[in-house]
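*Asks:* This is the content of start-v6.cif (mmCIF, C-alpha atoms):
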data_my_file
#
loop_
_atom_site.label_atom_id
_atom_site.label_comp_id
_atom_site.auth_asym_id
_atom_site.auth_seq_id
_atom_site.Cartn_x
_atom_site.Cartn_y
_atom_site.Cartn_z
CA MET A 1 -20.40 -22.19 -6.19
CA ALA A 2 -23.46 -23.89 -4.69
CA ARG A 3 -22.16 -23.23 -1.17
CA GLY A 4 -20.78 -19.79 -2.03
CA VAL A 5 -22.45 -16.39 -2.23
CA TRP A 6 -22.63 -13.89 -5.10
CA GLY A 7 -23.51 -10.20 -5.01
CA VAL A 8 -23.88 -8.66 -8.48
CA GLU A 9 -25.11 -5.33 -9.83
CA ILE A 10 -24.94 -4.18 -13.48
CA ARG A 11 -26.22 -0.85 -14.79
CA SER A 12 -26.13 1.13 -18.01
CA LEU A 13 -24.53 4.52 -17.39
CA ASP A 14 -25.75 5.81 -20.74
CA ARG A 15 -29.40 4.93 -20.11
CA GLY A 16 -29.55 5.02 -16.32
CA GLU A 17 -31.02 1.54 -16.43
CA ARG A 18 -30.44 -1.50 -14.25
CA LEU A 19 -29.61 -4.50 -16.43
CA TYR A 20 -29.08 -7.21 -13.83
CA GLY A 21 -28.89 -7.79 -10.11
CA LEU A 22 -28.26 -10.77 -7.87
CA ASP A 23 -28.37 -10.13 -4.10
CA ALA A 24 -26.97 -6.68 -4.87
CA GLY A 25 -28.03 -5.43 -1.44
CA ARG A 26 -26.26 -8.21 0.48
CA LEU A 27 -23.29 -7.13 2.59
CA MET A 28 -20.17 -8.87 1.24
CA MET A 29 -16.47 -8.78 2.03
CA PRO A 30 -15.03 -6.70 -0.82
CA ALA A 31 -11.29 -7.48 -0.45
CA SER A 32 -9.37 -4.90 -2.51
CA ASN A 33 -12.55 -3.46 -3.99
CA MET A 34 -12.38 -1.45 -0.76
CA LYS A 35 -9.72 0.61 -2.55
CA ILE A 36 -12.48 1.96 -4.82
CA VAL A 37 -14.04 3.57 -1.75
CA THR A 38 -10.72 4.87 -0.41
CA LEU A 39 -9.52 6.41 -3.66
CA ALA A 40 -12.92 7.93 -4.47
CA ALA A 41 -13.10 9.58 -1.05
CA ALA A 42 -9.46 10.74 -1.22
CA ALA A 43 -9.97 12.26 -4.68
CA ASP A 44 -13.07 14.11 -3.54
CA LEU A 45 -11.63 15.32 -0.22
CA LEU A 46 -7.95 15.87 -1.12
CA GLY A 47 -8.09 16.49 -4.87
CA TRP A 48 -6.22 14.79 -7.70
CA ASP A 49 -3.36 17.29 -7.44
CA HIS A 50 -2.74 16.58 -3.76
CA ARG A 51 0.91 15.93 -2.87
CA PHE A 52 2.54 14.71 0.31
CA THR A 53 5.55 16.67 1.54
CA THR A 54 8.72 15.41 3.21
CA THR A 55 11.31 17.78 4.68
CA LEU A 56 14.91 17.34 5.78
CA GLU A 57 15.67 19.62 8.71
CA VAL A 58 18.73 20.38 10.82
CA THR A 59 19.39 21.67 14.33
CA GLY A 60 22.53 23.12 15.83
CA PRO A 61 25.40 25.21 14.46
CA ILE A 62 27.55 24.43 11.45
CA GLN A 63 31.27 24.79 12.16
CA GLY A 64 33.54 24.18 9.22
CA SER A 65 31.76 21.34 7.42
CA VAL A 66 30.38 19.80 10.63
CA LEU A 67 26.79 20.08 11.83
CA ASP A 68 26.90 19.93 15.62
CA GLY A 69 23.31 18.79 15.93
CA ASP A 70 20.68 16.45 14.55
CA LEU A 71 18.98 15.74 11.25
CA TYR A 72 15.18 15.49 11.26
CA VAL A 73 13.08 13.83 8.59
CA ARG A 74 9.44 14.92 8.73
CA SER A 75 6.64 13.87 6.41
CA SER A 76 2.90 14.13 5.94
CA GLY A 77 2.85 10.46 4.89
CA ASP A 78 4.49 10.17 1.46
CA PRO A 79 4.33 6.44 0.56
CA SER A 80 6.22 6.84 -2.71
CA ILE A 81 9.86 7.13 -1.53
CA ASN A 82 10.67 3.67 -2.79
CA SER A 83 12.32 1.81 -5.65
CA ARG A 84 9.53 2.47 -8.18
CA ASP A 85 11.09 4.58 -10.95
CA GLY A 86 14.19 4.95 -8.76
CA ARG A 87 12.52 7.61 -6.64
CA ALA A 88 14.16 6.68 -3.30
CA ALA A 89 17.61 6.87 -4.86
CA ALA A 90 16.78 10.26 -6.39
CA VAL A 91 15.50 11.62 -3.06
CA LEU A 92 18.61 10.47 -1.17
CA PHE A 93 20.85 12.07 -3.80
CA GLU A 94 18.81 15.29 -3.59
CA TRP A 95 19.10 15.42 0.20
CA ALA A 96 22.81 14.63 0.27
CA SER A 97 23.34 17.38 -2.30
CA ALA A 98 21.27 19.81 -0.23
CA LEU A 99 23.34 19.07 2.87
CA LYS A 100 26.58 19.58 0.97
CA ALA A 101 25.22 22.84 -0.49
CA ALA A 102 24.50 23.95 3.08
CA GLY A 103 28.15 23.26 3.90
CA ILE A 104 27.52 20.03 5.81
CA GLN A 105 29.74 16.99 5.32
CA ARG A 106 29.51 15.54 8.82
CA VAL A 107 26.72 15.32 11.42
CA THR A 108 27.61 14.75 15.06
CA GLY A 109 24.05 13.96 16.09
CA ARG A 110 21.23 11.63 15.13
CA VAL A 111 18.77 11.08 12.30
CA ILE A 112 15.39 11.61 13.96
CA GLY A 113 12.20 10.43 12.30
CA ASP A 114 9.30 12.83 12.93
CA ASP A 115 6.08 10.92 12.28
CA GLN A 116 3.64 13.19 14.11
CA ALA A 117 1.26 13.67 11.15
CA PHE A 118 -0.29 10.24 11.86
CA ASP A 119 -0.85 8.27 15.03
CA ASP A 120 1.27 5.20 15.71
CA GLU A 121 -1.41 2.59 15.00
CA GLY A 122 0.08 0.98 11.92
CA LEU A 123 -2.14 -2.08 11.48
CA GLY A 124 -5.73 -2.04 10.30
CA GLN A 125 -8.67 -3.43 12.27
CA GLY A 126 -9.04 -7.16 11.80
CA TRP A 127 -5.68 -7.80 10.17
CA ALA A 128 -4.66 -11.40 10.88
CA TRP A 129 -1.57 -12.34 12.89
CA ASP A 130 -0.44 -15.00 10.44
CA TYR A 131 0.40 -12.65 7.56
CA LEU A 132 1.91 -9.64 9.35
CA GLN A 133 5.42 -10.59 8.18
CA PHE A 134 4.48 -10.35 4.51
CA GLY A 135 4.94 -7.37 2.23
CA TYR A 136 1.24 -6.89 1.58
CA ALA A 137 0.59 -6.25 5.30
CA THR A 138 3.20 -3.61 6.12
CA PRO A 139 2.21 -1.12 8.84
CA VAL A 140 1.37 2.43 7.77
CA GLY A 141 3.09 5.52 9.17
CA ALA A 142 3.66 9.18 8.44
CA LEU A 143 7.28 8.30 7.60
CA GLN A 144 7.72 5.51 5.04
CA PHE A 145 10.61 4.19 2.99
CA ASN A 146 10.72 1.41 0.38
CA GLU A 147 7.04 0.66 1.09
CA ASN A 148 8.13 -0.34 4.62
CA LEU A 149 9.76 -3.49 3.27
CA ALA A 150 13.03 -4.87 4.59
CA SER A 151 15.11 -7.31 2.55
CA LEU A 152 15.72 -10.81 3.86
CA SER A 153 18.58 -12.69 2.21
CA VAL A 154 19.32 -16.40 2.70
CA TRP A 155 22.35 -18.07 1.13
CA PRO A 156 23.79 -21.57 1.52
CA SER A 157 26.86 -22.59 3.42
CA ALA A 158 29.60 -24.57 1.67
CA THR A 159 28.63 -27.82 3.40
CA ALA A 160 25.35 -29.71 3.17
CA GLY A 161 23.75 -30.11 6.60
CA ALA A 162 25.13 -26.84 7.94
CA ALA A 163 22.95 -23.84 8.73
CA THR A 164 22.38 -21.34 5.95
CA ASN A 165 23.49 -17.71 6.25
CA VAL A 166 20.83 -15.04 6.76
CA SER A 167 20.71 -11.24 6.84
CA LEU A 168 17.97 -8.62 7.22
CA SER A 169 18.00 -4.92 6.33
CA PRO A 170 19.01 -2.64 9.23
CA GLY A 171 16.08 -0.99 10.96
CA ALA A 172 13.58 -3.77 10.30
CA GLY A 173 13.03 -4.10 14.05
CA LEU A 174 13.23 -7.90 14.02
CA ARG A 175 15.84 -10.28 15.36
CA LEU A 176 16.62 -13.28 13.20
CA LEU A 177 16.20 -16.86 14.37
CA ASN A 178 17.61 -19.09 11.65
CA ARG A 179 16.31 -22.66 11.44
CA SER A 180 17.02 -23.12 7.73
CA VAL A 181 19.70 -25.53 6.55
CA THR A 182 21.94 -26.11 3.58
CA ALA A 183 20.79 -29.13 1.57
CA ALA A 184 22.54 -31.37 -0.96
CA PRO A 185 23.23 -29.86 -4.40
CA GLY A 186 20.22 -30.01 -6.67
CA THR A 187 17.65 -29.92 -3.85
CA ALA A 188 14.71 -27.63 -4.56
CA ALA A 189 14.74 -24.42 -2.54
CA GLU A 190 12.13 -24.13 0.20
CA ILE A 191 12.50 -21.01 2.34
CA GLY A 192 9.77 -19.88 4.74
CA TYR A 193 9.61 -17.20 7.40
CA ARG A 194 7.19 -16.18 10.11
CA ARG A 195 6.97 -13.40 12.66
CA ARG A 196 6.54 -14.56 16.24
CA LEU A 197 3.80 -13.05 18.35
CA ASP A 198 5.51 -13.08 21.74
CA GLU A 199 8.61 -11.11 20.70
CA PRO A 200 10.03 -9.24 17.68
CA VAL A 201 11.66 -12.29 16.12
CA LEU A 202 11.61 -13.42 12.50
CA GLU A 203 12.00 -17.18 12.29
CA VAL A 204 13.50 -18.45 9.03
CA SER A 205 12.98 -22.09 8.06
CA GLY A 206 13.44 -24.46 5.14
CA MET A 207 16.40 -25.42 3.00
CA LEU A 208 18.64 -24.12 0.24
CA ALA A 209 20.92 -26.31 -1.87
CA ALA A 210 24.68 -25.99 -1.52
CA GLY A 211 26.10 -23.99 -4.41
CA SER A 212 22.77 -22.34 -5.25
CA ALA A 213 22.13 -18.61 -5.49
CA ALA A 214 20.86 -16.63 -2.53
CA ALA A 215 17.13 -16.48 -1.91
CA ALA A 216 15.62 -13.01 -1.44
CA ARG A 217 12.38 -12.25 0.39
CA THR A 218 10.66 -9.04 1.51
CA VAL A 219 9.60 -8.62 5.13
CA ALA A 220 7.22 -6.08 6.68
CA VAL A 221 9.07 -3.86 9.15
CA VAL A 222 7.93 -3.37 12.74
CA ASN A 223 8.36 0.41 13.07
CA PRO A 224 8.16 2.35 9.78
CA THR A 225 9.56 5.52 11.38
CA LEU A 226 12.70 3.85 12.73
CA PHE A 227 13.17 1.93 9.47
CA THR A 228 12.87 5.15 7.45
CA ALA A 229 15.31 7.01 9.68
CA GLN A 230 17.83 4.15 9.47
CA SER A 231 17.44 3.85 5.69
CA ILE A 232 17.97 7.57 5.23
CA LYS A 233 21.01 7.53 7.50
CA ASP A 234 22.52 4.66 5.52
CA GLY A 235 21.68 6.34 2.22
CA LEU A 236 23.21 9.67 3.19
CA ILE A 237 26.37 7.95 4.43
CA ALA A 238 26.61 6.19 1.07
CA HIS A 239 26.48 9.63 -0.56
CA GLY A 240 29.38 10.95 1.52
CA ILE A 241 27.61 12.46 4.54
CA ASP A 242 29.22 11.17 7.74
CA ILE A 243 26.62 10.73 10.49
CA ALA A 244 27.88 9.83 13.97
CA GLY A 245 24.63 9.35 15.89
CA PRO A 246 21.97 6.63 15.65
CA ALA A 247 18.66 6.61 13.81
CA VAL A 248 15.77 7.15 16.24
CA ASP A 249 11.99 7.48 16.37
CA ILE A 250 10.99 10.89 17.75
CA ASP A 251 8.55 9.20 20.13
CA ASP A 252 11.42 7.47 21.91
CA ILE A 253 13.13 10.77 22.77
CA ALA A 254 10.09 13.04 23.12
CA ALA A 255 10.72 13.84 26.79
CA THR A 256 14.28 14.92 26.06
CA LEU A 257 13.21 17.11 23.17
CA LEU A 258 10.57 18.82 25.29
CA ALA A 259 13.11 19.51 28.01
CA VAL A 260 15.70 20.92 25.59
CA PRO A 261 13.82 22.22 22.51
CA ALA A 262 15.89 22.95 19.42
CA GLU A 263 15.08 25.22 16.50
CA ARG A 264 14.88 23.35 13.20
CA ARG A 265 15.96 24.75 9.85
CA VAL A 266 14.68 23.24 6.60
CA VAL A 267 17.42 22.08 4.24
CA ALA A 268 15.26 20.31 1.64
CA THR A 269 11.56 20.05 0.87
CA THR A 270 10.49 17.14 -1.34
CA PRO A 271 6.93 16.83 -2.70
CA SER A 272 5.50 13.46 -3.66
CA PRO A 273 3.93 12.66 -7.03
CA THR A 274 0.31 13.77 -7.28
CA LEU A 275 -2.66 11.73 -6.14
CA ARG A 276 -3.26 10.91 -9.82
CA GLU A 277 0.07 9.09 -9.95
CA ILE A 278 -0.15 7.58 -6.47
CA GLY A 279 -3.71 6.45 -7.19
CA THR A 280 -2.58 4.71 -10.37
CA VAL A 281 -0.03 2.59 -8.48
CA LEU A 282 -2.59 1.98 -5.75
CA MET A 283 -5.20 0.58 -8.13
CA LYS A 284 -3.14 -1.01 -10.90
CA VAL A 285 -1.05 -3.20 -8.58
CA SER A 286 -3.44 -3.09 -5.59
CA GLN A 287 -0.87 -1.55 -3.25
CA ASN A 288 -2.22 -1.88 0.29
CA LEU A 289 0.18 0.55 1.96
CA TYR A 290 -0.81 3.32 -0.46
CA ALA A 291 -4.47 2.76 0.42
CA GLU A 292 -3.88 2.91 4.16
CA THR A 293 -1.78 6.05 3.71
CA LEU A 294 -4.53 7.79 1.73
CA LEU A 295 -7.04 6.80 4.38
CA LYS A 296 -5.00 8.38 7.18
CA ALA A 297 -4.30 11.42 5.01
CA ILE A 298 -8.05 11.97 4.72
CA GLY A 299 -8.29 12.20 8.50
CA ALA A 300 -5.24 14.42 8.82
CA ASN A 301 -6.64 16.73 6.12
CA ALA A 302 -9.77 17.22 8.23
CA GLY A 303 -7.58 18.63 11.00
CA GLY A 304 -5.37 17.14 13.66
CA LEU A 305 -3.85 13.68 13.66
CA GLY A 306 -4.35 11.08 10.94
CA THR A 307 -6.06 8.15 12.70
CA PHE A 308 -7.96 5.14 11.38
CA GLU A 309 -11.20 6.00 13.17
CA GLY A 310 -11.13 9.72 12.37
CA SER A 311 -10.36 8.94 8.75
CA LEU A 312 -13.04 6.27 8.46
CA ASN A 313 -15.58 8.73 9.87
CA GLN A 314 -14.68 11.17 7.10
CA VAL A 315 -15.19 8.43 4.50
CA ARG A 316 -18.53 7.42 6.05
CA GLN A 317 -19.71 11.02 5.87
CA ARG A 318 -18.66 11.26 2.23
CA LEU A 319 -20.52 8.07 1.31
CA SER A 320 -23.65 9.31 3.07
CA ALA A 321 -23.40 12.63 1.21
CA TRP A 322 -23.28 10.64 -2.04
CA GLY A 323 -26.51 8.91 -1.10
CA VAL A 324 -25.03 5.51 -0.23
CA PRO A 325 -27.23 4.07 2.56
CA ASP A 326 -25.52 3.85 5.95
CA ASP A 327 -26.38 0.15 6.20
CA ALA A 328 -24.77 -0.65 2.83
CA PHE A 329 -21.20 -0.50 4.13
CA VAL A 330 -19.05 -1.43 7.10
CA LEU A 331 -15.59 0.13 6.96
CA ALA A 332 -12.56 -1.18 8.84
CA ASP A 333 -9.49 -0.18 6.78
CA GLY A 334 -8.56 1.45 3.50
CA SER A 335 -7.09 -1.47 1.58
CA GLY A 336 -9.62 -4.27 2.01
CA LEU A 337 -7.14 -6.53 3.79
CA SER A 338 -9.43 -6.71 6.81
CA ARG A 339 -12.25 -9.23 6.89
CA TYR A 340 -14.23 -6.69 8.95
CA ASN A 341 -15.02 -4.69 5.79
CA TYR A 342 -18.42 -5.16 4.15
CA LEU A 343 -19.92 -3.53 1.06
CA THR A 344 -22.90 -4.25 -1.13
CA ALA A 345 -22.56 -4.53 -4.89
CA ASP A 346 -25.15 -1.73 -5.04
CA ALA A 347 -22.90 0.55 -2.98
CA ILE A 348 -19.82 -0.13 -5.13
CA VAL A 349 -21.74 0.57 -8.33
CA ALA A 350 -23.15 3.77 -6.80
CA ILE A 351 -19.61 4.98 -6.04
CA LEU A 352 -18.35 4.01 -9.49
CA GLU A 353 -21.30 5.80 -11.08
CA ARG A 354 -20.66 8.88 -8.94
CA MET A 355 -17.02 9.05 -10.05
CA TYR A 356 -17.96 8.53 -13.70
CA ARG A 357 -20.63 11.20 -13.77
CA ASP A 358 -18.51 13.85 -12.04
CA PRO A 359 -16.37 15.65 -14.67
CA ARG A 360 -13.77 16.45 -11.99
CA HIS A 361 -13.14 12.75 -11.43
CA ARG A 362 -14.12 10.68 -14.46
CA ASP A 363 -10.95 10.63 -16.55
CA ALA A 364 -8.51 10.57 -13.63
CA PHE A 365 -10.38 7.82 -11.78
CA VAL A 366 -10.94 5.53 -14.75
CA ALA A 367 -7.27 5.91 -15.71
CA THR A 368 -6.18 4.39 -12.38
CA LEU A 369 -8.01 1.10 -12.98
CA PRO A 370 -6.36 -2.03 -14.38
CA VAL A 371 -7.30 -2.69 -18.01
CA ALA A 372 -8.29 -6.21 -19.03
CA GLY A 373 -5.52 -8.05 -20.85
CA LYS A 374 -3.23 -5.01 -20.72
CA ASP A 375 -1.91 -3.97 -17.31
CA GLY A 376 -2.00 -4.22 -13.54
CA SER A 377 -3.84 -7.05 -11.85
CA LEU A 378 -5.87 -7.70 -15.03
CA SER A 379 -2.88 -7.96 -17.39
CA THR A 380 -3.37 -11.70 -18.01
CA ARG A 381 -7.16 -11.85 -17.79
CA MET A 382 -9.81 -11.67 -20.55
CA ARG A 383 -7.22 -11.73 -23.33
CA GLY A 384 -8.53 -12.44 -26.80
CA THR A 385 -12.05 -11.25 -25.94
CA ARG A 386 -14.04 -8.06 -26.52
CA ALA A 387 -13.25 -7.16 -22.93
CA GLU A 388 -9.49 -6.94 -23.65
CA GLY A 389 -8.42 -3.30 -23.72
CA ASN A 390 -12.01 -2.38 -22.98
CA ALA A 391 -12.95 -3.36 -19.41
CA ALA A 392 -11.34 -1.19 -16.69
CA ALA A 393 -11.91 -2.72 -13.28
CA LYS A 394 -10.54 -3.23 -9.78
CA THR A 395 -9.83 -6.76 -8.66
CA GLY A 396 -10.09 -8.02 -5.10
CA SER A 397 -8.55 -11.07 -3.45
CA ILE A 398 -8.35 -12.43 0.09
CA SER A 399 -9.00 -15.98 1.28
CA ASN A 400 -12.39 -17.21 0.03
CA VAL A 401 -13.19 -13.77 -1.41
CA ARG A 402 -12.92 -12.51 -4.99
CA ALA A 403 -14.22 -9.24 -6.44
CA LEU A 404 -14.26 -7.47 -9.78
CA SER A 405 -15.89 -4.04 -10.23
CA GLY A 406 -15.56 -1.37 -12.88
CA TYR A 407 -16.61 -0.29 -16.36
CA VAL A 408 -16.95 -1.94 -19.78
CA ARG A 409 -18.40 -0.85 -23.12
CA SER A 410 -20.90 -3.12 -24.83
CA ARG A 411 -20.70 -4.17 -28.48
CA ASP A 412 -22.83 -1.08 -29.27
CA GLY A 413 -20.50 1.26 -27.36
CA GLU A 414 -22.86 1.61 -24.40
CA MET A 415 -21.01 2.26 -21.13
CA LEU A 416 -21.88 -0.28 -18.45
CA VAL A 417 -20.85 -0.29 -14.79
CA PHE A 418 -20.67 -3.51 -12.78
CA SER A 419 -19.75 -5.04 -9.45
CA ILE A 420 -19.27 -8.79 -9.06
CA LEU A 421 -18.53 -10.04 -5.53
CA ALA A 422 -18.00 -13.66 -4.46
CA ASN A 423 -17.70 -14.84 -0.85
CA ASP A 424 -17.60 -18.09 1.12
CA PHE A 425 -16.57 -20.41 -1.71
CA VAL A 426 -14.49 -23.57 -1.44
CA ILE A 427 -13.79 -24.15 -5.13
CA PRO A 428 -10.47 -22.91 -6.60
CA ALA A 429 -10.23 -19.10 -6.68
CA ALA A 430 -9.11 -19.29 -10.32
CA THR A 431 -12.49 -20.79 -11.19
CA VAL A 432 -14.29 -17.92 -9.45
CA ASN A 433 -12.18 -15.40 -11.37
CA TRP A 434 -13.01 -17.25 -14.61
CA ILE A 435 -16.74 -16.97 -13.87
CA ALA A 436 -16.44 -13.22 -13.18
CA ASP A 437 -14.33 -12.71 -16.31
CA LEU A 438 -16.88 -14.60 -18.39
CA ALA A 439 -19.61 -12.29 -17.06
CA VAL A 440 -17.61 -9.21 -18.09
CA GLU A 441 -16.93 -10.73 -21.52
CA HIS A 442 -20.68 -11.25 -21.83
CA LEU A 443 -21.23 -7.56 -21.08
CA ALA A 444 -18.63 -6.59 -23.68
CA ASN A 445 -20.56 -8.67 -26.23
CA PHE A 446 -23.97 -7.29 -25.18
CA THR A 447 -25.96 -5.61 -27.94
CA ARG A 448 -29.47 -4.20 -28.09
CA LYS A 449 -29.69 -4.73 -31.86
#
Step by step, read the file and then write its structure as structure tokens.
*Replies:*
Amino acid sequence: MARGVWGVEIRSLDRGERLYGLDAGRLMMPASNMKIVTLAAAADLLGWDHRFTTTLEVTGPIQGSVLDGDLYVRSSGDPSINSRDGRAAAVLFEWASALKAAGIQRVTGRVIGDDQAFDDEGLGQGWAWDYLQFGYATPVGALQFNENLASLSVWPSATAGAATNVSLSPGAGLRLLNRSVTAAPGTAAEIGYRRRLDEPVLEVSGMLAAGSAAAARTVAVVNPTLFTAQSIKDGLIAHGIDIAGPAVDIDDIAATLLAVPAERRVVATTPSPTLREIGTVLMKVSQNLYAETLLKAIGANAGGLGTFEGSLNQVRQRLSAWGVPDDAFVLADGSGLSRYNYLTADAIVAILERMYRDPRHRDAFVATLPVAGKDGSLSTRMRGTRAEGNAAAKTGSISNVRALSGYVRSRDGEMLVFSILANDFVIPAATVNWIADLAVEHLANFTRK
């Protein structure tokens, strides 16, 4: 690490004492430690019992079992209608049942995605072009389905040397350009994909052996609203609701809707899990989309549209109210994916201390953090040490950046809070993680006796 940079701050929460610091006031890229800031601000401004709401609405008359009108799906940003715990399947069943209970078996019109709770800027400041196709960089929107991930499937042809077969979930917003080939039996699979910058094309490359199983990949969608509307249309059709019209984004037909306004009637209202539950997924698995959604929800909660800048201003004001110096942070997104984010180890520890000392937040916040050797992004780290089952901390990881910040009890039971940030290194990231883990193990073994 001679060419790298560390920022470290360690304090005793029980004694209010600083135990160690190393460049704790240096601005560092925090990677996913940015989620500590986002969740803390969301909990304080929205509350742990906050829920997002999604409604299914209809327009037009019902004649017989036919709705002569459109279906609208409107949401305040629920990110949790996905495959976790089978929630998406349950929501689709609920909505199909609600339509049937309303006497609707067929819809002559469209499925319209109403995403007006947030603006249409889905990508965070400073996100890099070369990872926008990957699942960890999906765009955020007020309407979201399956974490805005489309499924790419690649399977071999019968003959070596021929092109493979490819398919992509409807609504992804990308055309497929297949450059992958079928290789001889026994050849190792090597499937890559990239999103072109000049047009909405997903280029698939590599090889797949003849006779092998299909390869599955997840791909970030282009337009979350259109993808959600299409997914809901397909899901309702699968549950026996015939829908004649296309799936559309409300922005693409706004002029028509203004010219011929239609009264909407709510058929189903579906609340999300609470912020406690959403925050747990966010922190345990470091779910970027959840973080960006909470960030925009903070702005929307303050009034008006959920935008990145309006939301970040709300977070900045909250940090200042907590006494975090204005020059101790630079905020660009909610997830930490952007390399424009900067935090000091001092600032992270101050936020962690604030959450711990506030009885409204302590238990709920600590419960969201990965636990060393037990779950989330720390499930395989610090096993067989005093930190296992003891340290609760948020990890952070982008290129040449690693972070680990949270809480650990010493050998004497003293509660310690720490932030360990590493930037600008060229050694293997696993070695940097090992150094940080060793520091936390040291804290778990610390005794004043």
*Asks:* Take the PyMOL selection byres ((chain A and resi 28-44) around 8), apply it to the structure above, and return the hits as a tab-separated table (two decimals) with C-alpha atoms, in the coordinates of the input.
*Replies:*
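In the end it all went to selection.tsv:
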chain	number	residue	atom	x	y	z
A	7	GLY	CA	-23.51	-10.20	-5.01
A	26	ARG	CA	-26.26	-8.21	0.48
A	27	LEU	CA	-23.29	-7.13	2.59
A	45	LEU	CA	-11.63	15.32	-0.22
A	46	LEU	CA	-7.95	15.87	-1.12
A	47	GLY	CA	-8.09	16.49	-4.87
A	48	TRP	CA	-6.22	14.79	-7.70
A	275	LEU	CA	-2.66	11.73	-6.14
A	279	GLY	CA	-3.71	6.45	-7.19
A	282	LEU	CA	-2.59	1.98	-5.75
A	283	MET	CA	-5.20	0.58	-8.13
A	286	SER	CA	-3.44	-3.09	-5.59
A	291	ALA	CA	-4.47	2.76	0.42
A	294	LEU	CA	-4.53	7.79	1.73
A	295	LEU	CA	-7.04	6.80	4.38
A	298	ILE	CA	-8.05	11.97	4.72
A	315	VAL	CA	-15.19	8.43	4.50
A	318	ARG	CA	-18.66	11.26	2.23
A	319	LEU	CA	-20.52	8.07	1.31
A	334	GLY	CA	-8.56	1.45	3.50
A	335	SER	CA	-7.09	-1.47	1.58
A	336	GLY	CA	-9.62	-4.27	2.01
A	337	LEU	CA	-7.14	-6.53	3.79
A	338	SER	CA	-9.43	-6.71	6.81
A	339	ARG	CA	-12.25	-9.23	6.89
A	340	TYR	CA	-14.23	-6.69	8.95
A	341	ASN	CA	-15.02	-4.69	5.79
A	342	TYR	CA	-18.42	-5.16	4.15
A	343	LEU	CA	-19.92	-3.53	1.06
A	344	THR	CA	-22.90	-4.25	-1.13
A	345	ALA	CA	-22.56	-4.53	-4.89
A	348	ILE	CA	-19.82	-0.13	-5.13
A	351	ILE	CA	-19.61	4.98	-6.04
A	352	LEU	CA	-18.35	4.01	-9.49
A	355	MET	CA	-17.02	9.05	-10.05
A	361	HIS	CA	-13.14	12.75	-11.43
A	365	PHE	CA	-10.38	7.82	-11.78
A	394	LYS	CA	-10.54	-3.23	-9.78
A	395	THR	CA	-9.83	-6.76	-8.66
A	396	GLY	CA	-10.09	-8.02	-5.10
A	397	SER	CA	-8.55	-11.07	-3.45
A	398	ILE	CA	-8.35	-12.43	0.09
A	401	VAL	CA	-13.19	-13.77	-1.41
A	402	ARG	CA	-12.92	-12.51	-4.99
A	403	ALA	CA	-14.22	-9.24	-6.44
A	404	LEU	CA	-14.26	-7.47	-9.78
A	405	SER	CA	-15.89	-4.04	-10.23
A	421	LEU	CA	-18.53	-10.04	-5.53
A	422	ALA	CA	-18.00	-13.66	-4.46
A	423	ASN	CA	-17.70	-14.84	-0.85
*Asks:* Tell me which residues come within 12 Å of (-14.9, -26.7, 2.9), as a ChimeraX atom specification, counting all atoms listed in the file in the file's coordinates.
*Replies:* /A:1-4,400,424-428
*Asks:* Between atom CA of Pro224 of chain A and atom CA of Ala142 of chain A, what distance in Å does the model show, to one decimal?
*Replies:*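 It comes out at 8.3 Å.
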*Asks:* Rounded to one decimal in Å, what is the spacing between atom CA of Leu71 of chain A and atom CA of Val107 of chain A?
*Replies:* 7.8 Å
*Asks:* Go through A:Val166, A:Ile243, A:Ile81, A:Val66 and flag the residue nearest Ile112 of chain A, using only C-alpha atoms for the distances.
*Replies:*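 That would be A:Ile243, the residue with the smallest distance to Ile112 of chain A.
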*Asks:* Evaluate the PyMOL selection byres ((chain A and resi 115) around 9) and record the selected residues as a PDB file with C-alpha atoms, keeping the file's coordinate frame, following the chain and residue labels used in the document.
*Replies:*
ATOM      1  CA  VAL A  73      13.080  13.830   8.590  1.00  0.00           C
ATOM      2  CA  ARG A  74       9.440  14.920   8.730  1.00  0.00           C
ATOM      3  CA  SER A  75       6.640  13.870   6.410  1.00  0.00           C
ATOM      4  CA  SER A  76       2.900  14.130   5.940  1.00  0.00           C
ATOM      5  CA  GLY A  77       2.850  10.460   4.890  1.00  0.00           C
ATOM      6  CA  GLY A 113      12.200  10.430  12.300  1.00  0.00           C
ATOM      7  CA  ASP A 114       9.300  12.830  12.930  1.00  0.00           C
ATOM      8  CA  GLN A 116       3.640  13.190  14.110  1.00  0.00           C
ATOM      9  CA  ALA A 117       1.260  13.670  11.150  1.00  0.00           C
ATOM     10  CA  PHE A 118      -0.290  10.240  11.860  1.00  0.00           C
ATOM     11  CA  ASP A 119      -0.850   8.270  15.030  1.00  0.00           C
ATOM     12  CA  ASP A 120       1.270   5.200  15.710  1.00  0.00           C
ATOM     13  CA  GLY A 141       3.090   5.520   9.170  1.00  0.00           C
ATOM     14  CA  ALA A 142       3.660   9.180   8.440  1.00  0.00           C
ATOM     15  CA  LEU A 143       7.280   8.300   7.600  1.00  0.00           C
ATOM     16  CA  THR A 225       9.560   5.520  11.380  1.00  0.00           C
ATOM     17  CA  ASP A 249      11.990   7.480  16.370  1.00  0.00           C
ATOM     18  CA  ILE A 250      10.990  10.890  17.750  1.00  0.00           C
ATOM     19  CA  ASP A 251       8.550   9.200  20.130  1.00  0.00           C
TER      20      ASP A 251
END
*Asks:* The PyMOL selection byres ((chain A and resi 208) around 7) on the file shown: which residues, as an MDAnalysis selection string?
*Replies:* chainID A and resid 156 181:183 189:190 207 209:210
*Asks:* Could you work out how far atom CA of Leu149 of chain A lies from atom CA of Ala220 of chain A, giving the answer in Å with one decimal?
*Replies:* 5.0 Å
